[in-house]
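A.B. asks: Got entry_28.txt for you, compact mmCIF, C-alpha atoms and all ligand atoms:
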```txt
# COMPACT_ATOMS: atom_id res chain seq x y z
CA MET A 247 -66.00 36.19 -20.76
CA GLU A 248 -67.16 33.95 -17.91
CA LYS A 249 -67.52 35.81 -14.58
CA MET A 250 -65.53 34.23 -11.71
CA ALA A 251 -68.57 33.99 -9.46
CA GLU A 252 -70.24 31.75 -12.03
CA TYR A 253 -67.25 29.49 -12.63
CA ARG A 254 -68.37 25.99 -11.67
CA TRP A 255 -65.23 25.23 -9.61
CA ASN A 256 -65.96 28.01 -7.13
CA THR A 257 -68.90 26.65 -5.12
CA SER A 258 -68.24 24.75 -1.90
CA GLU A 259 -70.70 22.08 -2.96
CA PHE A 260 -68.81 21.44 -6.19
CA ALA A 261 -65.42 21.47 -4.44
CA GLU A 262 -66.64 19.11 -1.70
CA GLY A 263 -68.23 16.77 -4.24
CA TYR A 264 -65.07 16.59 -6.34
CA ASP A 265 -62.85 16.17 -3.30
CA ALA A 266 -64.97 13.37 -1.84
CA ALA A 267 -65.24 11.39 -5.06
CA ALA A 268 -62.19 12.31 -7.17
CA PRO A 269 -61.00 8.71 -7.77
CA GLU A 270 -64.57 7.71 -8.73
CA ILE A 271 -64.89 10.64 -11.15
CA HIS A 272 -61.42 10.40 -12.70
CA PRO A 273 -60.47 6.79 -13.45
CA ARG A 274 -56.67 7.39 -13.36
CA TYR A 275 -56.70 9.87 -10.46
CA THR A 276 -54.53 7.77 -8.17
CA ALA A 277 -52.26 6.42 -10.94
CA VAL A 278 -51.38 9.93 -12.14
CA GLN A 279 -50.59 11.05 -8.59
CA GLU A 280 -48.43 7.99 -7.96
CA GLN A 281 -46.40 8.67 -11.12
CA ILE A 282 -45.83 12.30 -10.14
CA VAL A 283 -44.81 11.44 -6.58
CA GLN A 284 -42.34 8.80 -7.79
CA LEU A 285 -40.75 11.23 -10.27
CA LEU A 286 -40.49 13.91 -7.58
CA ILE A 287 -38.84 11.53 -5.11
CA GLU A 288 -36.15 10.73 -7.71
CA HIS A 289 -35.78 14.41 -8.62
CA ALA A 290 -35.45 15.57 -5.00
CA LYS A 291 -32.86 12.85 -4.38
CA SER A 292 -30.85 13.84 -7.46
CA LEU A 293 -30.76 17.51 -6.42
CA GLY A 294 -30.21 17.13 -2.67
CA GLY A 295 -30.73 20.23 -0.48
CA SER A 296 -33.95 22.12 0.03
CA TYR A 297 -36.88 21.16 -2.14
CA HIS A 298 -39.83 23.45 -2.78
CA VAL A 299 -42.76 22.29 -4.92
CA VAL A 300 -45.50 24.48 -6.40
CA ASP A 301 -48.83 22.80 -7.27
CA LEU A 302 -50.77 24.79 -9.87
CA GLY A 303 -54.54 24.38 -9.59
CA GLY A 304 -53.80 22.16 -6.59
CA GLY A 305 -57.47 22.02 -5.54
CA SER A 306 -58.13 20.27 -2.25
CA GLY A 307 -54.49 19.29 -1.67
CA ARG A 308 -54.73 15.57 -2.31
CA LEU A 309 -51.56 15.50 -4.44
CA LEU A 310 -49.55 17.64 -2.04
CA GLN A 311 -50.60 15.43 0.84
CA ARG A 312 -48.85 12.55 -0.95
CA VAL A 313 -45.83 14.65 -1.93
CA LEU A 314 -45.26 16.03 1.58
CA THR A 315 -45.62 12.57 3.08
CA ALA A 316 -43.24 10.96 0.57
CA ILE A 317 -40.58 13.71 0.77
CA PRO A 318 -40.38 14.76 4.43
CA SER A 319 -37.90 17.57 3.72
CA ALA A 320 -40.11 19.18 1.06
CA THR A 321 -42.09 22.40 1.40
CA ALA A 322 -44.88 23.46 -0.95
CA THR A 323 -47.06 26.23 -2.29
CA ILE A 324 -50.56 25.43 -3.49
CA ILE A 325 -52.09 27.83 -5.99
CA ASP A 326 -55.75 27.75 -6.99
CA GLN A 327 -58.34 30.26 -8.13
CA SER A 328 -61.02 28.67 -5.92
CA GLU A 329 -61.23 29.65 -2.25
CA ALA A 330 -63.62 26.74 -1.72
CA PHE A 331 -60.99 24.25 -2.90
CA LEU A 332 -58.21 25.95 -0.92
CA ALA A 333 -60.32 25.77 2.25
CA LEU A 334 -60.49 21.99 1.80
CA ALA A 335 -56.74 21.91 1.13
CA GLU A 336 -56.05 23.80 4.35
CA ARG A 337 -58.05 21.24 6.31
CA ARG A 338 -56.38 18.26 4.58
CA LEU A 339 -52.85 19.68 4.87
CA ALA A 340 -53.18 20.84 8.50
CA PRO A 341 -50.65 18.20 9.64
CA PHE A 342 -48.07 19.86 7.35
CA ALA A 343 -49.10 23.40 8.32
CA ASN A 344 -45.62 24.89 8.62
CA ARG A 345 -44.56 23.43 5.27
CA VAL A 346 -47.38 24.77 3.06
CA THR A 347 -48.25 28.21 1.67
CA TYR A 348 -51.69 28.90 0.16
CA VAL A 349 -52.16 31.29 -2.74
CA VAL A 350 -55.46 32.30 -4.33
CA SER A 351 -54.77 33.13 -7.96
CA ARG A 352 -55.89 32.32 -11.45
CA LEU A 353 -53.15 30.75 -13.53
CA GLN A 354 -53.81 33.49 -16.10
CA GLU A 355 -52.81 36.11 -13.51
CA ASP A 356 -49.34 36.92 -12.16
CA TRP A 357 -49.13 33.98 -9.74
CA LEU A 358 -45.34 34.12 -10.04
CA ALA A 359 -45.30 37.41 -8.15
CA LYS A 360 -47.04 35.71 -5.21
CA LEU A 361 -44.37 33.01 -4.76
CA THR A 362 -42.21 33.58 -1.70
CA GLN A 363 -39.79 30.70 -2.32
CA GLN A 364 -37.83 29.48 -5.32
CA PRO A 365 -39.37 26.17 -6.48
CA GLN A 366 -37.22 23.26 -7.64
CA ALA A 367 -40.33 21.59 -9.09
CA ILE A 368 -43.70 22.76 -10.37
CA ILE A 369 -46.51 20.24 -10.67
CA SER A 370 -50.16 20.21 -11.68
CA THR A 371 -52.98 17.70 -12.11
CA SER A 372 -56.26 18.06 -13.98
CA ALA A 373 -56.15 21.85 -14.04
CA ILE A 374 -54.18 23.25 -16.98
CA HIS A 375 -56.53 21.77 -19.58
CA HIS A 376 -59.00 24.47 -18.49
CA LEU A 377 -56.76 27.07 -20.13
CA ASP A 378 -57.13 27.86 -23.82
CA PRO A 379 -54.12 27.33 -26.15
CA VAL A 380 -52.76 30.87 -25.85
CA GLU A 381 -53.09 30.79 -22.05
CA LYS A 382 -51.32 27.41 -21.88
CA GLN A 383 -48.41 28.68 -23.95
CA LYS A 384 -47.98 31.69 -21.67
CA LEU A 385 -48.23 29.53 -18.56
CA TYR A 386 -45.65 26.99 -19.79
CA GLN A 387 -43.30 29.86 -20.56
CA GLN A 388 -43.79 31.37 -17.07
CA ILE A 389 -43.05 27.96 -15.52
CA ALA A 390 -39.91 27.46 -17.61
CA THR A 391 -38.70 30.95 -16.73
CA LYS A 392 -39.29 30.43 -13.01
CA LEU A 393 -37.57 27.05 -12.67
CA PRO A 394 -33.80 26.96 -12.10
CA ALA A 395 -31.40 24.82 -14.16
CA GLY A 396 -32.22 21.22 -13.28
CA GLY A 397 -35.80 22.18 -12.30
CA LEU A 398 -38.68 19.88 -13.18
CA PHE A 399 -42.23 20.50 -14.37
CA LEU A 400 -44.82 17.71 -14.36
CA ASN A 401 -48.34 18.17 -15.69
CA GLY A 402 -50.59 15.14 -15.06
CA ASP A 403 -53.54 16.15 -17.16
CA GLU A 404 -56.21 15.32 -19.71
CA VAL A 405 -54.38 15.06 -23.03
CA ARG A 406 -56.36 14.30 -26.19
CA PRO A 407 -55.28 11.83 -28.89
CA GLU A 408 -54.67 13.36 -32.32
CA ASP A 409 -57.36 11.32 -34.06
CA ASP A 410 -60.93 12.63 -33.55
CA VAL A 411 -62.51 9.16 -33.63
CA GLU A 412 -60.14 7.88 -30.95
CA TYR A 413 -60.63 11.09 -28.93
CA GLN A 414 -64.42 10.74 -29.04
CA ALA A 415 -64.23 7.05 -28.08
CA THR A 416 -61.96 7.92 -25.13
CA MET A 417 -64.40 10.58 -23.93
CA GLU A 418 -67.31 8.16 -24.27
CA ARG A 419 -65.48 5.55 -22.16
CA TRP A 420 -64.95 8.18 -19.49
CA ALA A 421 -68.62 9.22 -19.65
CA ASP A 422 -69.59 5.55 -19.17
CA PHE A 423 -67.29 5.37 -16.13
CA MET A 424 -69.01 8.44 -14.64
CA ARG A 425 -72.49 7.12 -15.42
CA ALA A 426 -71.62 3.83 -13.66
CA GLY A 427 -70.30 5.80 -10.67
CA MET A 428 -73.55 7.77 -10.46
CA GLN A 429 -75.67 4.64 -10.78
CA SER A 430 -73.76 2.72 -8.12
CA GLY A 431 -73.76 5.71 -5.76
CA LYS A 432 -69.94 5.86 -5.68
CA ILE A 433 -70.23 9.41 -7.05
CA PRO A 434 -72.24 11.34 -4.41
CA GLN A 435 -75.61 12.80 -5.42
CA GLY A 436 -74.32 16.35 -4.93
CA PHE A 437 -71.86 15.90 -7.80
CA HIS A 438 -74.36 14.36 -10.27
CA PRO A 439 -75.34 17.68 -11.90
CA ALA A 440 -71.65 18.51 -12.46
CA ALA A 441 -70.91 15.06 -13.91
CA SER A 442 -73.99 15.21 -16.16
CA SER A 443 -73.05 18.65 -17.39
CA TRP A 444 -69.48 17.40 -18.12
CA ILE A 445 -71.03 14.62 -20.26
CA GLU A 446 -73.28 17.13 -22.00
CA ARG A 447 -70.39 19.51 -22.79
CA ASN A 448 -67.80 16.93 -23.80
CA VAL A 449 -69.71 13.97 -25.23
CA THR A 450 -73.20 15.06 -26.32
CA LYS A 451 -71.74 18.24 -27.81
CA PHE A 452 -68.48 16.61 -28.89
CA GLY A 453 -66.53 18.70 -31.40
CA GLN A 454 -68.13 22.04 -30.55
CA PRO A 455 -65.80 25.03 -30.06
CA LYS A 456 -64.18 25.43 -26.63
CA LYS A 457 -63.31 28.58 -24.72
CA SER A 458 -61.12 29.28 -21.69
CA GLY A 459 -62.61 27.53 -18.65
CA ASP A 460 -63.95 24.63 -20.74
CA ASP A 461 -62.04 21.37 -21.17
CA CYS A 462 -59.57 22.68 -23.76
CA HIS A 463 -57.87 19.38 -24.54
CA GLU A 464 -54.73 19.45 -26.70
CA THR A 465 -52.41 16.66 -27.84
CA ALA A 466 -49.08 15.78 -26.21
CA PRO A 467 -46.97 16.79 -29.26
CA VAL A 468 -48.65 20.20 -29.38
CA GLN A 469 -48.14 20.82 -25.66
CA LEU A 470 -44.55 19.55 -25.68
CA GLY A 471 -43.95 22.00 -28.53
CA TYR A 472 -45.24 24.74 -26.19
CA PHE A 473 -42.82 23.46 -23.51
CA ARG A 474 -39.82 23.75 -25.85
CA ALA A 475 -40.90 27.13 -27.22
CA GLY A 476 -41.34 28.32 -23.61
CA GLY A 477 -37.74 27.44 -22.71
CA PHE A 478 -37.66 23.83 -21.52
CA ARG A 479 -34.43 22.02 -22.50
CA GLU A 480 -36.15 18.63 -22.59
CA ALA A 481 -39.83 17.75 -22.97
CA ASP A 482 -41.44 14.32 -23.11
CA VAL A 483 -44.38 12.18 -22.00
CA ALA A 484 -43.34 10.45 -18.77
CA TRP A 485 -46.50 8.29 -18.55
CA SER A 486 -49.79 7.89 -20.37
CA GLU A 487 -53.04 5.89 -20.16
CA GLU A 488 -56.33 6.64 -21.92
CA LEU A 489 -56.97 10.41 -21.70
CA TRP A 490 -54.31 10.99 -19.03
CA SER A 491 -50.63 11.76 -19.48
CA VAL A 492 -47.85 13.10 -17.34
CA LEU A 493 -46.11 15.71 -19.49
CA ARG A 494 -42.56 16.38 -18.31
CA GLY A 495 -40.38 19.42 -18.89
CA LYS A 496 -36.79 19.77 -17.68
CA ARG A 497 -34.79 22.97 -17.41
C1 LIG B 1 -60.38 18.94 -11.45
S1 LIG B 1 -59.86 20.00 -10.18
C2 LIG B 1 -58.29 19.27 -9.81
C3 LIG B 1 -57.78 19.65 -8.45
C4 LIG B 1 -56.47 18.98 -8.05
N1 LIG B 1 -55.37 19.41 -8.89
C5 LIG B 1 -56.62 17.48 -8.10
O1 LIG B 1 -56.03 16.84 -8.98
O2 LIG B 1 -57.33 16.96 -7.23
C6 LIG B 1 -59.42 21.46 -11.08
C7 LIG B 1 -58.82 22.55 -10.19
O3 LIG B 1 -58.26 23.54 -11.03
C8 LIG B 1 -58.64 24.81 -10.53
N2 LIG B 1 -58.63 25.72 -11.66
C9 LIG B 1 -59.38 25.63 -12.79
N3 LIG B 1 -59.10 26.65 -13.61
C10 LIG B 1 -58.16 27.41 -12.98
C11 LIG B 1 -57.46 28.61 -13.32
N4 LIG B 1 -57.70 29.23 -14.46
N5 LIG B 1 -56.57 29.11 -12.44
C12 LIG B 1 -56.34 28.48 -11.25
N6 LIG B 1 -56.95 27.34 -10.88
C13 LIG B 1 -57.85 26.81 -11.74
C14 LIG B 1 -60.02 24.59 -9.94
O4 LIG B 1 -60.36 25.61 -9.02
C15 LIG B 1 -59.84 23.23 -9.30
O5 LIG B 1 -59.33 23.33 -8.00
```
Mind turning the file's structure into structure tokens?
C.D. replies:
Amino acid sequence: MEKMAEYRWNTSEFAEGYDAAAPEIHPRYTAVQEQIVQLLIEHAKSLGGSYHVVDLGGGSGRLLQRVLTAIPSATATIIDQSEAFLALAERRLAPFANRVTYVVSRLQEDWLAKLTQQPQAIISTSAIHHLDPVEKQKLYQQIATKLPAGGLFLNGDEVRPEDDVEYQATMERWADFMRAGMQSGKIPQGFHPAASSWIERNVTKFGQPKKSGDDCHETAPVQLGYFRAGGFREADVAWSEELWSVLRGKR
């Protein structure tokens, strides 16, 4: 079992590097966020009344910054296991200070017990794929249980294609994108070791067994099956490009 202190997401240097260069590291970073924000705007409008959003593995708060700007009546809770990321989120979300609650928790722990408000929507980007299959199933069930009737869950995440050849080709295209970002200097030097080690783990060692904390990619049909088994009334793919999909569950 990986010790928390060694988990790569927990150093300030790593968090700052990812935060500074996210759209250069993740080629659909902005597109995924735009899809989620649009879906939340429509959802908040359809419900009316107070609107509380929980961002799981919300990192440095870039997604919530967009959400809170686009939906001025919304409040939010950001949950992340990394204090380094949450410190960046607190700085970024300072203009929304009275609308945001910060929670340090692993998604494998009882984060539900730390929520002080009933969410109408739960969202996440690029975080849940770090959980192994059993952990994902439990998490999706917790989310379904927490959301009220009409509640919405959106996971904008890395979702593998079924076919291994296509999966490997997709990962290689992403590795090429990162290599180009490192060469051009768009990805800051401080993040190069992390990007290189991502390439090593996911491309050079493609197909090797994964454990919790690695990039535990699963297909959309498998994960939507977890959604339904966990209690979602409807589950579908709201948007998809290359390795990235927005998986949607409705209560
Ligand atoms: C790639 S970053 C994405 C951050 C943010 N969601 C975004 O899109 O900018 C992954 C985030 O997930 C968090 N994370 C990874 N595994 C986690 C876990 N088991 N529990 C809680 N947070 C986790 C990391 O600390 C990090 O903030």
A.B. asks: Enumerate, in order of chain and increasing residue number, the residues of chain A with an atom no farther than 7 Å from ligand LIG 1 (chain B), each with its shortest atom pair and distance in Å to one decimal, counting all atoms listed in the file, as JSON lines.
C.D. replies:
```
{"residue": "A:Trp255", "atom": "CA", "partner": "B:LIG1", "partner_atom": "O4", "distance": 4.9}
{"residue": "A:Asn256", "atom": "CA", "partner": "B:LIG1", "partner_atom": "O4", "distance": 6.4}
{"residue": "A:Asp265", "atom": "CA", "partner": "B:LIG1", "partner_atom": "O2", "distance": 6.8}
{"residue": "A:Ala268", "atom": "CA", "partner": "B:LIG1", "partner_atom": "O2", "distance": 6.7}
{"residue": "A:Leu302", "atom": "CA", "partner": "B:LIG1", "partner_atom": "N6", "distance": 6.8}
{"residue": "A:Gly303", "atom": "CA", "partner": "B:LIG1", "partner_atom": "N6", "distance": 4.0}
{"residue": "A:Gly304", "atom": "CA", "partner": "B:LIG1", "partner_atom": "N1", "distance": 3.9}
{"residue": "A:Gly305", "atom": "CA", "partner": "B:LIG1", "partner_atom": "O5", "distance": 3.4}
{"residue": "A:Ser306", "atom": "CA", "partner": "B:LIG1", "partner_atom": "O2", "distance": 6.0}
{"residue": "A:Gly307", "atom": "CA", "partner": "B:LIG1", "partner_atom": "O2", "distance": 6.7}
{"residue": "A:Arg308", "atom": "CA", "partner": "B:LIG1", "partner_atom": "O2", "distance": 5.7}
{"residue": "A:Leu309", "atom": "CA", "partner": "B:LIG1", "partner_atom": "O1", "distance": 6.5}
{"residue": "A:Ile325", "atom": "CA", "partner": "B:LIG1", "partner_atom": "C12", "distance": 6.8}
{"residue": "A:Asp326", "atom": "CA", "partner": "B:LIG1", "partner_atom": "N6", "distance": 4.1}
{"residue": "A:Gln327", "atom": "CA", "partner": "B:LIG1", "partner_atom": "C12", "distance": 4.1}
{"residue": "A:Ser328", "atom": "CA", "partner": "B:LIG1", "partner_atom": "O4", "distance": 4.4}
{"residue": "A:Phe331", "atom": "CA", "partner": "B:LIG1", "partner_atom": "O5", "distance": 5.4}
{"residue": "A:Ser351", "atom": "CA", "partner": "B:LIG1", "partner_atom": "C12", "distance": 5.9}
{"residue": "A:Arg352", "atom": "CA", "partner": "B:LIG1", "partner_atom": "N5", "distance": 3.4}
{"residue": "A:Leu353", "atom": "CA", "partner": "B:LIG1", "partner_atom": "N5", "distance": 3.9}
{"residue": "A:Gln354", "atom": "CA", "partner": "B:LIG1", "partner_atom": "N4", "distance": 6.0}
{"residue": "A:Ser370", "atom": "CA", "partner": "B:LIG1", "partner_atom": "N1", "distance": 6.0}
{"residue": "A:Thr371", "atom": "CA", "partner": "B:LIG1", "partner_atom": "N1", "distance": 4.4}
{"residue": "A:Ser372", "atom": "CA", "partner": "B:LIG1", "partner_atom": "C2", "distance": 4.8}
{"residue": "A:Ala373", "atom": "CA", "partner": "B:LIG1", "partner_atom": "O3", "distance": 4.0}
{"residue": "A:Ile374", "atom": "CA", "partner": "B:LIG1", "partner_atom": "N3", "distance": 6.9}
{"residue": "A:His376", "atom": "CA", "partner": "B:LIG1", "partner_atom": "N3", "distance": 5.3}
{"residue": "A:Leu377", "atom": "CA", "partner": "B:LIG1", "partner_atom": "N4", "distance": 6.1}
{"residue": "A:Gly459", "atom": "CA", "partner": "B:LIG1", "partner_atom": "N3", "distance": 6.2}
```
A.B. asks: Would you pick out the contacts of range 425-432 of chain A at 10 Å or less, using all atoms listed in the file, so that residues sharing its chain but fewer than 5 positions from it are not included, and give the list as a list in words?
C.D. replies: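 Contacts, in chain order: Ala266, Ala267, Pro269, Glu270, Ile271, Arg419, Trp420, Phe437, His438, Ala441, Ser442 and Ile445 of chain A.
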A.B. asks: Hey, what's within 10 Å of range 278-285 of chain A if we count only C-alpha atoms and toss same-chain stuff fewer than 3 positions away? As a PDB file with C-alpha atoms, in the frame of the given file, please?
C.D. replies:
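File written: selection_39.pdb
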```
ATOM      1  CA  PRO A 273     -60.470   6.790 -13.450  1.00  0.00           C
ATOM      2  CA  ARG A 274     -56.670   7.390 -13.360  1.00  0.00           C
ATOM      3  CA  TYR A 275     -56.700   9.870 -10.460  1.00  0.00           C
ATOM      4  CA  GLU A 288     -36.150  10.730  -7.710  1.00  0.00           C
ATOM      5  CA  HIS A 289     -35.780  14.410  -8.620  1.00  0.00           C
ATOM      6  CA  ALA A 290     -35.450  15.570  -5.000  1.00  0.00           C
ATOM      7  CA  LYS A 291     -32.860  12.850  -4.380  1.00  0.00           C
ATOM      8  CA  ARG A 308     -54.730  15.570  -2.310  1.00  0.00           C
ATOM      9  CA  LEU A 309     -51.560  15.500  -4.440  1.00  0.00           C
ATOM     10  CA  LEU A 310     -49.550  17.640  -2.040  1.00  0.00           C
ATOM     11  CA  ARG A 312     -48.850  12.550  -0.950  1.00  0.00           C
ATOM     12  CA  VAL A 313     -45.830  14.650  -1.930  1.00  0.00           C
ATOM     13  CA  LEU A 314     -45.260  16.030   1.580  1.00  0.00           C
ATOM     14  CA  THR A 315     -45.620  12.570   3.080  1.00  0.00           C
ATOM     15  CA  ALA A 316     -43.240  10.960   0.570  1.00  0.00           C
ATOM     16  CA  ILE A 317     -40.580  13.710   0.770  1.00  0.00           C
ATOM     17  CA  ILE A 369     -46.510  20.240 -10.670  1.00  0.00           C
ATOM     18  CA  SER A 370     -50.160  20.210 -11.680  1.00  0.00           C
ATOM     19  CA  THR A 371     -52.980  17.700 -12.110  1.00  0.00           C
ATOM     20  CA  SER A 372     -56.260  18.060 -13.980  1.00  0.00           C
ATOM     21  CA  LEU A 398     -38.680  19.880 -13.180  1.00  0.00           C
ATOM     22  CA  PHE A 399     -42.230  20.500 -14.370  1.00  0.00           C
ATOM     23  CA  LEU A 400     -44.820  17.710 -14.360  1.00  0.00           C
ATOM     24  CA  ASN A 401     -48.340  18.170 -15.690  1.00  0.00           C
ATOM     25  CA  GLY A 402     -50.590  15.140 -15.060  1.00  0.00           C
ATOM     26  CA  ASP A 403     -53.540  16.150 -17.160  1.00  0.00           C
ATOM     27  CA  ALA A 484     -43.340  10.450 -18.770  1.00  0.00           C
ATOM     28  CA  TRP A 485     -46.500   8.290 -18.550  1.00  0.00           C
ATOM     29  CA  SER A 486     -49.790   7.890 -20.370  1.00  0.00           C
ATOM     30  CA  GLU A 487     -53.040   5.890 -20.160  1.00  0.00           C
ATOM     31  CA  TRP A 490     -54.310  10.990 -19.030  1.00  0.00           C
ATOM     32  CA  SER A 491     -50.630  11.760 -19.480  1.00  0.00           C
ATOM     33  CA  VAL A 492     -47.850  13.100 -17.340  1.00  0.00           C
ATOM     34  CA  LEU A 493     -46.110  15.710 -19.490  1.00  0.00           C
ATOM     35  CA  ARG A 494     -42.560  16.380 -18.310  1.00  0.00           C
TER      36      ARG A 494
END
```
A.B. asks: Name the residues in contact with Thr465 in chain A at a cut-off of 7 Å, using all atoms listed in the file, excluding same-chain residues fewer than 5 positions from it; report them as number ranges by chain.
C.D. replies: A: 405-408
A.B. asks: Choose the residue, out of A:Leu489, A:Ala367, A:Val349, A:Leu385, that has the smallest atom-to-atom separation from Ala333 in chain A; count all atoms listed in the file.
C.D. replies: A:Val349
A.B. asks: Have a look at CA of Tyr264 in chain A and CA of Ile433 in chain A and let me know their distance in Å, one decimal.
C.D. replies: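 Separation between CA of Tyr264 in chain A and CA of Ile433 in chain A: 8.9 Å.
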A.B. asks: Would you please work out which residue, of A:Ala359, A:Val346, A:Ala340, A:Ala390, is nearest to Thr321 in chain A when using only C-alpha atoms?
C.D. replies: A:Val346
A.B. asks: Mind giving me the straight-line distance from CA of Ser292 in chain A to CA of Ala335 in chain A in Å, one decimal?
C.D. replies: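 Atom-to-atom, CA of Ser292 in chain A to CA of Ala335 in chain A, that is 28.4 Å.
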A.B. asks: Here is a test: counting all atoms listed in the file, which residue of A:Lys457, A:His298, A:Arg474, A:Arg479 is nearest to Asp378 in chain A?
C.D. replies: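 For Asp378 in chain A, the nearest of the candidates is A:Lys457.
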A.B. asks: For Thr323 in chain A, find every residue with an atom within 7 Å (counting only C-alpha atoms), except residues of its own chain fewer than 3 positions away, and show them as a ChimeraX atom specification.
C.D. replies: /A:299-301,346-348
A.B. asks: Which one of A:Ser443, A:Gln311, A:Gln366, A:Gln414 sits closest to Leu334 in chain A if you count all atoms listed in the file?
C.D. replies: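 Using all atoms listed in the file, the shortest distance to Leu334 in chain A belongs to A:Gln311.
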A.B. asks: Could you tell me how far CA of Leu332 in chain A sits from CA of Leu358 in chain A, in Å to one decimal place?
C.D. replies: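 That distance, rounded to one decimal, is 17.8 Å.
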A.B. asks: Take the point (-67.5, 16.1, -20.0) as written in the file and pick out every residue within 12 Å of it, counting only C-alpha atoms; give the list as number ranges by chain.
C.D. replies: A: 271-272, 404, 414, 416-425, 439-453, 456, 460-463
A.B. asks: Got a sec: who's within 10 Å of Gly471 in chain A, counting only C-alpha atoms, leaving out chain neighbours fewer than 6 positions off, as a ChimeraX atom specification?
C.D. replies: /A:383,478,481-482
